[in-house]
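For reference, structure_1.csv (CSV, C-alpha atoms and all ligand atoms):
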```
chain,number,residue,atom,x,y,z
A,1,GLY,CA,-91.2,64.3,-43.8
A,2,ALA,CA,-87.7,65.6,-43.6
A,3,GLY,CA,-86.2,62.1,-44.1
A,4,LYS,CA,-83.7,61.3,-46.8
A,5,GLN,CA,-84.9,61.2,-50.4
A,6,ARG,CA,-86.6,58.1,-51.6
A,7,PRO,CA,-84.6,56.2,-54.3
A,8,ARG,CA,-85.8,56.8,-57.8
A,9,VAL,CA,-86.7,53.8,-60.0
A,10,LEU,CA,-87.4,53.9,-63.7
A,11,VAL,CA,-89.8,51.3,-65.0
A,12,ALA,CA,-88.7,51.2,-68.7
A,13,GLU,CA,-91.0,48.5,-69.9
A,14,LYS,CA,-94.5,47.4,-69.2
A,15,ILE,CA,-94.7,45.3,-66.0
A,16,ALA,CA,-97.7,44.3,-63.8
A,17,GLN,CA,-99.4,47.0,-61.8
A,18,SER,CA,-98.8,44.9,-58.6
A,19,GLY,CA,-95.0,45.3,-59.2
A,20,ILE,CA,-95.3,49.1,-59.7
A,21,GLU,CA,-97.4,49.4,-56.5
A,22,LEU,CA,-94.8,47.5,-54.5
A,23,LEU,CA,-92.0,49.7,-55.9
A,24,ALA,CA,-94.1,52.9,-55.1
A,25,GLN,CA,-94.3,51.9,-51.4
A,26,HIS,CA,-90.6,52.5,-51.1
A,27,CYS,CA,-89.4,54.5,-54.1
A,28,GLU,CA,-90.3,57.3,-56.4
A,29,VAL,CA,-91.4,55.5,-59.5
A,30,VAL,CA,-91.2,56.8,-63.1
A,31,VAL,CA,-93.1,54.6,-65.6
A,32,ALA,CA,-91.6,55.4,-69.0
A,33,THR,CA,-92.6,52.7,-71.4
A,34,ASP,CA,-92.7,55.2,-74.3
A,35,TRP,CA,-89.2,56.6,-74.1
A,36,ASP,CA,-87.0,56.1,-77.2
A,37,ALA,CA,-83.4,55.0,-76.9
A,38,ASP,CA,-82.2,58.7,-77.0
A,39,THR,CA,-84.4,59.7,-74.1
A,40,LEU,CA,-83.2,56.7,-72.1
A,41,ARG,CA,-79.6,57.6,-72.7
A,42,ARG,CA,-80.2,61.2,-71.7
A,43,ARG,CA,-82.1,60.4,-68.5
A,44,ILE,CA,-80.8,57.1,-67.2
A,45,GLY,CA,-78.4,59.1,-65.0
A,46,GLU,CA,-81.3,60.3,-62.8
A,47,PHE,CA,-82.2,56.8,-61.4
A,48,ASP,CA,-81.0,54.6,-58.6
A,49,GLY,CA,-82.9,51.6,-60.1
A,50,ILE,CA,-84.3,50.4,-63.4
A,51,VAL,CA,-86.8,47.7,-64.3
A,52,ILE,CA,-86.8,46.2,-67.8
A,53,ARG,CA,-88.0,43.2,-69.7
A,54,SER,CA,-86.4,41.9,-72.9
A,55,GLY,CA,-87.0,45.0,-75.1
A,56,THR,CA,-84.3,47.2,-73.5
A,57,ARG,CA,-80.7,46.6,-74.3
A,58,LEU,CA,-78.6,47.8,-71.3
A,59,ASP,CA,-75.1,47.8,-72.9
A,60,ALA,CA,-71.9,49.0,-71.4
A,61,ASP,CA,-72.3,52.5,-72.9
A,62,LEU,CA,-75.7,53.0,-71.3
A,63,ILE,CA,-74.5,51.5,-68.0
A,64,ALA,CA,-71.6,54.0,-68.0
A,65,ARG,CA,-74.1,56.8,-68.2
A,66,ALA,CA,-76.1,55.5,-65.3
A,67,GLU,CA,-74.2,57.3,-62.7
A,68,ARG,CA,-76.5,56.7,-59.8
A,69,LEU,CA,-77.7,53.3,-60.8
A,70,ARG,CA,-77.4,50.6,-58.0
A,71,VAL,CA,-79.8,47.9,-59.3
A,72,ILE,CA,-81.1,46.5,-62.6
A,73,GLY,CA,-84.3,44.5,-62.2
A,74,ARG,CA,-85.1,42.2,-65.1
A,75,ALA,CA,-88.8,41.3,-64.9
A,76,GLY,CA,-88.4,37.9,-66.4
A,77,ILE,CA,-85.7,35.3,-66.9
A,78,GLY,CA,-83.1,36.1,-69.6
A,79,VAL,CA,-80.4,38.6,-68.8
A,80,ASP,CA,-78.9,38.4,-72.2
A,81,ASN,CA,-80.0,42.0,-72.9
A,82,VAL,CA,-78.0,43.3,-70.0
A,83,ASP,CA,-74.2,43.7,-70.0
A,84,VAL,CA,-73.9,42.0,-66.6
A,85,GLU,CA,-70.1,42.2,-66.5
A,86,ALA,CA,-70.2,46.0,-67.1
A,87,ALA,CA,-72.9,46.4,-64.4
A,88,THR,CA,-71.0,44.2,-61.9
A,89,ARG,CA,-67.8,46.2,-62.5
A,90,ARG,CA,-69.7,49.3,-61.5
A,91,GLY,CA,-71.2,47.6,-58.5
A,92,ILE,CA,-74.6,47.5,-59.9
A,93,ILE,CA,-76.7,44.5,-58.8
A,94,VAL,CA,-78.5,42.6,-61.6
A,95,CYS,CA,-81.5,40.6,-60.4
A,96,ASN,CA,-84.2,38.7,-62.3
A,97,ALA,CA,-87.3,36.6,-61.6
A,98,PRO,CA,-86.1,33.1,-62.8
A,99,GLN,CA,-89.2,31.1,-61.8
A,100,SER,CA,-91.8,33.7,-62.8
A,101,ASN,CA,-92.7,32.7,-66.3
A,102,VAL,CA,-91.5,29.2,-66.9
A,103,VAL,CA,-95.0,27.7,-67.0
A,104,ALA,CA,-96.1,30.5,-69.4
A,105,ALA,CA,-93.2,29.8,-71.7
A,106,ALA,CA,-93.9,26.0,-71.6
A,107,GLU,CA,-97.6,26.4,-72.3
A,108,HIS,CA,-96.9,28.8,-75.2
A,109,THR,CA,-94.5,26.3,-76.6
A,110,LEU,CA,-97.3,23.7,-76.6
A,111,ALA,CA,-99.7,26.2,-78.1
A,112,LEU,CA,-97.3,26.9,-81.0
A,113,MET,CA,-96.6,23.2,-81.5
A,114,LEU,CA,-100.3,22.4,-81.8
A,115,ALA,CA,-100.9,25.6,-83.8
A,116,VAL,CA,-98.3,24.7,-86.4
A,117,ALA,CA,-99.2,21.0,-86.5
A,118,ARG,CA,-102.9,21.8,-87.1
A,119,ARG,CA,-102.4,25.1,-88.9
A,120,VAL,CA,-104.7,26.9,-86.6
A,121,PRO,CA,-103.7,30.5,-87.5
A,122,GLN,CA,-104.0,29.8,-91.2
A,123,ALA,CA,-107.4,28.0,-90.9
A,124,HIS,CA,-108.6,30.9,-88.7
A,125,ALA,CA,-107.6,33.5,-91.2
A,126,SER,CA,-109.2,31.5,-94.0
A,127,LEU,CA,-112.5,31.1,-92.3
A,128,VAL,CA,-112.8,34.7,-91.1
A,129,SER,CA,-112.2,35.8,-94.6
A,130,GLY,CA,-115.2,33.9,-95.8
A,131,ARG,CA,-113.8,30.5,-96.9
A,132,TRP,CA,-114.7,27.0,-95.6
A,133,GLU,CA,-111.6,25.0,-96.6
A,134,ARG,CA,-111.8,21.7,-94.7
A,135,SER,CA,-109.6,19.8,-97.1
A,136,ARG,CA,-106.9,22.4,-97.3
A,137,PHE,CA,-106.1,22.3,-93.6
A,138,SER,CA,-105.3,18.7,-92.8
A,139,GLY,CA,-102.7,18.4,-90.1
A,140,THR,CA,-100.4,16.1,-88.2
A,141,GLU,CA,-100.7,14.5,-84.7
A,142,LEU,CA,-98.2,14.9,-81.8
A,143,TYR,CA,-99.2,11.5,-80.5
A,144,GLU,CA,-96.3,8.9,-80.9
A,145,LYS,CA,-94.1,11.5,-82.4
A,146,THR,CA,-90.7,12.3,-81.0
A,147,LEU,CA,-90.1,15.7,-79.5
A,148,GLY,CA,-86.4,16.8,-79.4
A,149,ILE,CA,-85.4,19.3,-76.8
A,150,LEU,CA,-82.2,21.4,-76.7
A,151,GLY,CA,-81.9,22.8,-73.2
A,152,PHE,CA,-83.4,20.7,-70.4
A,153,GLY,CA,-83.7,23.4,-67.7
A,154,ARG,CA,-86.8,24.5,-66.0
A,155,ILE,CA,-88.7,25.3,-69.1
A,156,GLY,CA,-87.5,22.4,-71.2
A,157,ARG,CA,-88.6,20.0,-68.4
A,158,LEU,CA,-92.0,21.5,-68.2
A,159,VAL,CA,-92.4,21.2,-71.9
A,160,ALA,CA,-91.2,17.5,-71.7
A,161,ALA,CA,-93.8,16.7,-69.0
A,162,ARG,CA,-96.6,18.2,-71.1
A,163,ALA,CA,-95.4,16.5,-74.3
A,164,ARG,CA,-95.3,13.1,-72.4
A,165,ALA,CA,-99.0,13.7,-71.6
A,166,PHE,CA,-99.7,14.0,-75.3
A,167,GLY,CA,-98.1,10.6,-75.8
A,168,MET,CA,-94.9,11.9,-77.3
A,169,GLN,CA,-91.4,10.3,-76.9
A,170,VAL,CA,-89.0,12.9,-75.7
A,171,VAL,CA,-85.3,13.1,-76.3
A,172,ALA,CA,-83.3,16.0,-74.9
A,173,TYR,CA,-79.8,17.3,-74.8
A,174,ASP,CA,-78.3,19.3,-71.9
A,175,PRO,CA,-74.8,18.5,-70.5
A,176,TYR,CA,-75.5,20.6,-67.4
A,177,VAL,CA,-78.5,18.6,-66.1
A,178,SER,CA,-78.2,15.3,-64.1
A,179,SER,CA,-79.4,12.0,-65.6
A,180,GLU,CA,-81.9,11.7,-62.7
A,181,ARG,CA,-83.9,14.7,-64.1
A,182,PHE,CA,-84.2,12.9,-67.4
A,183,ARG,CA,-85.2,9.6,-65.8
A,184,GLU,CA,-87.9,11.1,-63.6
A,185,LEU,CA,-89.7,12.5,-66.6
A,186,GLY,CA,-89.2,9.5,-68.9
A,187,VAL,CA,-87.0,11.5,-71.2
A,188,GLU,CA,-84.1,9.9,-73.1
A,189,ARG,CA,-80.8,11.7,-72.7
A,190,ALA,CA,-78.9,12.5,-75.9
A,191,GLU,CA,-75.1,12.8,-75.7
A,192,ARG,CA,-74.9,15.2,-78.6
A,193,PRO,CA,-77.2,17.8,-80.2
A,194,GLU,CA,-76.8,15.9,-83.5
A,195,ASP,CA,-78.6,12.9,-82.0
A,196,VAL,CA,-81.6,15.2,-81.2
A,197,TYR,CA,-81.6,16.6,-84.7
A,198,ALA,CA,-81.6,13.2,-86.2
A,199,ARG,CA,-84.5,11.9,-84.1
A,200,ALA,CA,-86.9,14.8,-83.7
A,201,ASP,CA,-90.2,15.1,-85.5
A,202,PHE,CA,-90.6,18.3,-83.5
A,203,LEU,CA,-87.5,20.2,-82.3
A,204,SER,CA,-88.0,22.7,-79.5
A,205,LEU,CA,-85.4,25.1,-78.2
A,206,HIS,CA,-85.1,26.0,-74.5
A,207,LEU,CA,-81.6,27.4,-74.3
A,208,PRO,CA,-80.4,30.8,-73.0
A,209,ARG,CA,-78.6,33.1,-75.5
A,210,THR,CA,-74.9,32.8,-74.9
A,211,PRO,CA,-71.9,33.0,-77.3
A,212,GLU,CA,-72.1,29.1,-77.5
A,213,THR,CA,-75.8,28.9,-78.4
A,214,GLU,CA,-76.0,31.7,-80.9
A,215,ARG,CA,-77.1,30.3,-84.2
A,216,ILE,CA,-76.9,26.8,-82.9
A,217,VAL,CA,-79.7,25.9,-85.3
A,218,ASP,CA,-77.8,26.7,-88.5
A,219,ALA,CA,-77.8,25.2,-92.0
A,220,ALA,CA,-75.7,22.2,-90.8
A,221,ALA,CA,-78.0,21.5,-87.9
A,222,LEU,CA,-81.1,21.8,-90.1
A,223,ALA,CA,-79.5,19.4,-92.7
A,224,ARG,CA,-79.3,16.8,-90.0
A,225,MET,CA,-83.0,17.0,-89.2
A,226,ARG,CA,-85.6,14.5,-90.4
A,227,GLU,CA,-87.5,15.2,-93.5
A,228,GLY,CA,-90.9,16.7,-92.5
A,229,ALA,CA,-89.8,17.8,-89.1
A,230,TYR,CA,-91.1,21.0,-87.3
A,231,LEU,CA,-89.0,23.6,-85.5
A,232,VAL,CA,-90.4,25.5,-82.5
A,233,ASN,CA,-88.5,28.4,-80.9
A,234,CYS,CA,-89.9,30.0,-77.8
A,235,ALA,CA,-86.5,30.8,-76.3
A,236,ARG,CA,-84.3,33.4,-78.1
A,237,GLY,CA,-84.3,34.5,-81.7
A,238,GLU,CA,-80.5,34.4,-81.9
A,239,LEU,CA,-80.5,30.6,-81.6
A,240,VAL,CA,-81.8,30.2,-85.1
A,241,ASP,CA,-80.3,31.2,-88.5
A,242,LEU,CA,-83.5,32.5,-90.1
A,243,ASP,CA,-82.0,32.4,-93.7
A,244,ALA,CA,-81.1,28.7,-93.2
A,245,LEU,CA,-84.5,28.0,-91.8
A,246,LYS,CA,-86.1,29.7,-94.8
A,247,GLU,CA,-84.0,27.4,-97.1
A,248,ALA,CA,-85.0,24.3,-95.1
A,249,LEU,CA,-88.7,25.3,-95.5
A,250,ASP,CA,-88.3,26.1,-99.2
A,251,SER,CA,-86.6,22.8,-99.9
A,252,GLY,CA,-89.4,21.0,-98.1
A,253,ARG,CA,-87.0,19.4,-95.6
A,254,LEU,CA,-88.9,21.0,-92.7
A,255,ALA,CA,-92.7,20.8,-92.8
A,256,GLY,CA,-93.1,23.9,-90.7
A,257,ALA,CA,-91.9,26.3,-88.0
A,258,ALA,CA,-93.3,28.2,-85.1
A,259,LEU,CA,-91.4,31.2,-83.8
A,260,ASP,CA,-92.1,33.4,-80.9
A,261,VAL,CA,-88.7,35.2,-80.9
A,262,PHE,CA,-86.5,36.8,-83.5
A,263,PRO,CA,-82.9,37.9,-83.9
A,264,GLN,CA,-84.1,41.5,-84.0
A,265,GLU,CA,-87.1,42.6,-82.1
A,266,PRO,CA,-89.4,44.1,-82.8
A,267,LEU,CA,-89.7,42.5,-86.2
A,268,THR,CA,-92.8,43.2,-88.2
A,269,GLU,CA,-91.8,42.1,-91.7
A,270,HIS,CA,-90.1,39.0,-92.9
A,271,PRO,CA,-90.5,36.7,-95.9
A,272,LEU,CA,-91.3,33.8,-93.5
A,273,PHE,CA,-94.4,35.7,-92.3
A,274,GLY,CA,-96.1,35.0,-95.6
A,275,TYR,CA,-95.5,31.2,-95.4
A,276,ASP,CA,-98.5,28.9,-95.1
A,277,ASN,CA,-96.6,26.5,-92.8
A,278,VAL,CA,-95.1,29.1,-90.4
A,279,VAL,CA,-96.7,30.4,-87.2
A,280,VAL,CA,-95.4,33.5,-85.5
A,281,THR,CA,-96.1,35.4,-82.3
A,282,PRO,CA,-94.5,38.6,-81.1
A,283,HIS,CA,-92.4,37.3,-78.1
A,284,LEU,CA,-95.5,36.3,-76.0
A,285,GLY,CA,-94.0,33.4,-74.2
A,286,ALA,CA,-94.1,35.2,-70.8
A,287,SER,CA,-97.2,37.1,-71.5
A,288,THR,CA,-99.8,35.7,-69.2
A,289,THR,CA,-101.5,37.6,-66.3
A,290,GLU,CA,-100.0,35.1,-63.8
A,291,ALA,CA,-96.5,35.2,-65.1
A,292,GLN,CA,-96.4,39.0,-65.3
A,293,ASP,CA,-97.8,39.3,-61.8
A,294,ARG,CA,-95.0,37.0,-60.5
A,295,ALA,CA,-92.3,38.7,-62.6
A,296,GLY,CA,-93.4,42.2,-61.6
A,297,VAL,CA,-93.7,41.5,-57.9
A,298,GLN,CA,-90.6,39.3,-57.6
A,299,THR,CA,-88.5,41.9,-59.5
A,300,ALA,CA,-89.9,44.8,-57.5
A,301,GLU,CA,-89.2,43.0,-54.2
A,302,GLN,CA,-85.5,42.5,-55.2
A,303,VAL,CA,-85.1,46.1,-56.5
A,304,VAL,CA,-86.5,47.4,-53.2
A,305,ALA,CA,-84.3,45.1,-51.2
A,306,ALA,CA,-81.2,46.3,-53.2
A,307,LEU,CA,-82.1,49.9,-52.7
A,308,THR,CA,-83.0,49.6,-49.0
A,309,GLY,CA,-80.2,47.3,-47.9
A,310,GLY,CA,-82.0,44.0,-47.9
A,311,VAL,CA,-81.0,40.6,-49.3
A,312,VAL,CA,-81.0,40.1,-53.1
A,313,THR,CA,-80.9,36.9,-54.9
A,314,THR,CA,-79.0,38.0,-58.0
A,315,ALA,CA,-79.3,36.6,-61.5
B,1,LIG,C1,-87.8,36.2,-70.4
B,1,LIG,O1,-86.6,36.1,-70.5
B,1,LIG,O2,-88.3,36.2,-69.3
B,1,LIG,C2,-88.7,36.4,-71.6
B,1,LIG,O3,-88.0,36.8,-72.7
B,1,LIG,C3,-89.9,37.2,-71.4
B,1,LIG,C4,-89.8,38.6,-71.1
B,1,LIG,O4,-89.0,39.4,-71.6
B,1,LIG,O5,-90.5,39.1,-70.2
```
I'd like the structure from this file rewritten - as structure tokens, please.
Amino acid sequence: GAGKQRPRVLVAEKIAQSGIELLAQHCEVVVATDWDADTLRRRIGEFDGIVIRSGTRLDADLIARAERLRVIGRAGIGVDNVDVEAATRRGIIVCNAPQSNVVAAAEHTLALMLAVARRVPQAHASLVSGRWERSRFSGTELYEKTLGILGFGRIGRLVAARARAFGMQVVAYDPYVSSERFRELGVERAERPEDVYARADFLSLHLPRTPETERIVDAAALARMREGAYLVNCARGELVDLDALKEALDSGRLAGAALDVFPQEPLTEHPLFGYDNVVVTPHLGASTTEAQDRAGVQTAEQVVAALTGGVVTTA
């Protein structure tokens, strides 16, 4: 009809079809998951809304070029790849889907813990290449081990509940969470991160990336960890100093590590990738059908609300 133009939304990373369909009911949608950084810089000014995941860095420079932009939808949890301050200054709403993928992240954490404890990827690679090496791949049990958790938010708590079901003791550090939360899950509250390092047979990170948490697991932290402990990181790559981790594995202090996230992504080559006691996945914590459906739909709902004058629950 002769009505006013529909808002234009750029979907810059792969999100669920259900989310795209919802957007398309109200907006003109451009799906551009193959644009390079230059193309995005050149064309971001054409859009009223943009939907991203963790692979697009919306920095102040890019935001300054986004002349028409009114909303940034983050189809997931972390908004550390968005300069929220710069966006807010320009009146751009930033929204996310904070509940969408917490179960997926928690389940992937357990998958990585079990994988590194039982060396599943290494044993798989060995067998499919024609070797039957039963004695090479002896592992370790989670049962009666201590899981240390840094960050006892939604994901950390889901991981704790699952670890308790495996018969693990859990000790966690998070100054922003009430003691009641710890008690109801049978989790011991640590007063300092140091106490978690000293106790953990498995250390799992569930922190957002902030200036305070960047490289929280550095050489000093690793030096406090128990001999033979394992590190699991399904949160953000910037939390761990990879050089220090490599040293801790080389010296034998740590028995293994499982990493889903890296300081630079994508990352396809790293010395640790060749280690027999390291398990890696390419940022798959949120990659389940269920989580992506939720993230896509929840984000689309908010982007539509922002562009049509509805109520938005911002990040
Ligand atoms: C998140 O913050 O939600 C995760 O990093 C997953 C994603 O980018 O989709």
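Minimum distance to Ser179 in chain A across A:Arg294, A:Gly148, A:Glu191, A:His124 (counting only C-alpha atoms) occurs at A:Glu191.
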* Asked: Nearest to ligand LIG 1 (chain B): which of A:Ser54, A:Leu158, A:Val102, A:Val9 is it, counting only C-alpha atoms and all ligand atoms?
  -> A:Ser54
Hey, which bits of chain A sit within 9 Å of ligand LIG 1 (chain B), and for each residue what's the closest pair of atoms and how far apart in Å (one decimal), counting only C-alpha atoms and all ligand atoms, rows by chain and increasing number, as a tab-separated table?
```
residue	atom	partner	partner_atom	distance
A:Ile15	CA	B:LIG1	O5	8.6
A:Ile52	CA	B:LIG1	O4	8.1
A:Arg53	CA	B:LIG1	O4	4.4
A:Ser54	CA	B:LIG1	O4	3.8
A:Gly55	CA	B:LIG1	O4	6.9
A:Arg74	CA	B:LIG1	O2	8.0
A:Ala75	CA	B:LIG1	O5	6.0
A:Gly76	CA	B:LIG1	O2	3.4
A:Ile77	CA	B:LIG1	O2	3.7
A:Gly78	CA	B:LIG1	O1	3.6
A:Val79	CA	B:LIG1	O1	6.9
A:Asp80	CA	B:LIG1	O1	8.2
A:Asn96	CA	B:LIG1	O2	8.5
A:Ala97	CA	B:LIG1	O2	7.8
A:Pro98	CA	B:LIG1	O2	7.5
A:Ser100	CA	B:LIG1	O2	7.8
A:Asn101	CA	B:LIG1	O2	6.4
A:Val102	CA	B:LIG1	O2	8.1
A:Ala105	CA	B:LIG1	C2	8.0
A:Pro208	CA	B:LIG1	O1	8.5
A:Cys234	CA	B:LIG1	O3	8.7
A:Ala235	CA	B:LIG1	O3	7.2
A:Arg236	CA	B:LIG1	O3	7.4
A:Val261	CA	B:LIG1	O3	8.4
A:His283	CA	B:LIG1	O3	7.0
A:Leu284	CA	B:LIG1	C3	7.3
A:Gly285	CA	B:LIG1	C3	6.3
A:Ala286	CA	B:LIG1	C3	4.7
A:Ser287	CA	B:LIG1	O5	7.1
A:Ala291	CA	B:LIG1	O5	8.8
A:Gln292	CA	B:LIG1	O5	7.7
A:Ala295	CA	B:LIG1	O5	7.8
```
* Asked: Quick one, how far is CA of Asp250 in chain A from CA of Ala172 in chain A?
  ->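 The value is 26.8 Å.
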* To do: Can you pull out every residue within 7 Å of Ile72 in chain A, counting only C-alpha atoms, but drop anything in the same chain fewer than 5 positions away, and send it as a PyMOL selection string?
  => chain A and resi 49-51+93-95
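The space separating CA of Val31 in chain A from CA of Arg90 in chain A comes to 24.3 Å.
Nearest to Cys27 in chain A of all the residues A:Val11, A:Leu272, A:Ala315, A:Ile149 is A:Val11, counting all atoms listed in the file.
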* Asked: Hey, what's within 9 Å of Arg189 in chain A if we count all atoms listed in the file and toss same-chain stuff fewer than 2 positions away? As number ranges by chain, please?
  -> A: 170-174, 179, 182-183, 187, 191
* Å distance separating CA of Ala244 in chain A from CA of Pro266 in chain A, one decimal place ->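 These atoms are spaced 20.4 Å apart.
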* Is there a way to get, as a ChimeraX atom specification, all residues within 10 Å of the point (-80.7, 17.5, -90.3) in file coordinates, counting all atoms listed in the file? -> /A:194-200,217-227,229,248,253-254
* Asked: Out of A:Glu184, A:Glu247, A:Asp48, A:Asp260, which residue has the shortest atom-to-atom distance to Ser204 in chain A when counting only C-alpha atoms?
  -> A:Asp260
* Nearest-residue call for Gln17 in chain A, choices A:Leu147, A:Leu239, A:Ala300, A:Ala161, using all atoms listed in the file ->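 When distances to Gln17 in chain A are compared using all atoms listed in the file, the smallest one comes from A:Ala300.
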* Structure fact -> Of A:Pro7, A:Gly151, A:Gly45, A:Gly73, the one sitting nearest Val297 in chain A when using all atoms listed in the file is A:Gly73
* Residues within 10 Å of Gln169 in chain A, only C-alpha atoms, excluding chain neighbours under 6 positions, as a ChimeraX atom specification -> /A:142-148,160,163,186-188,200-201
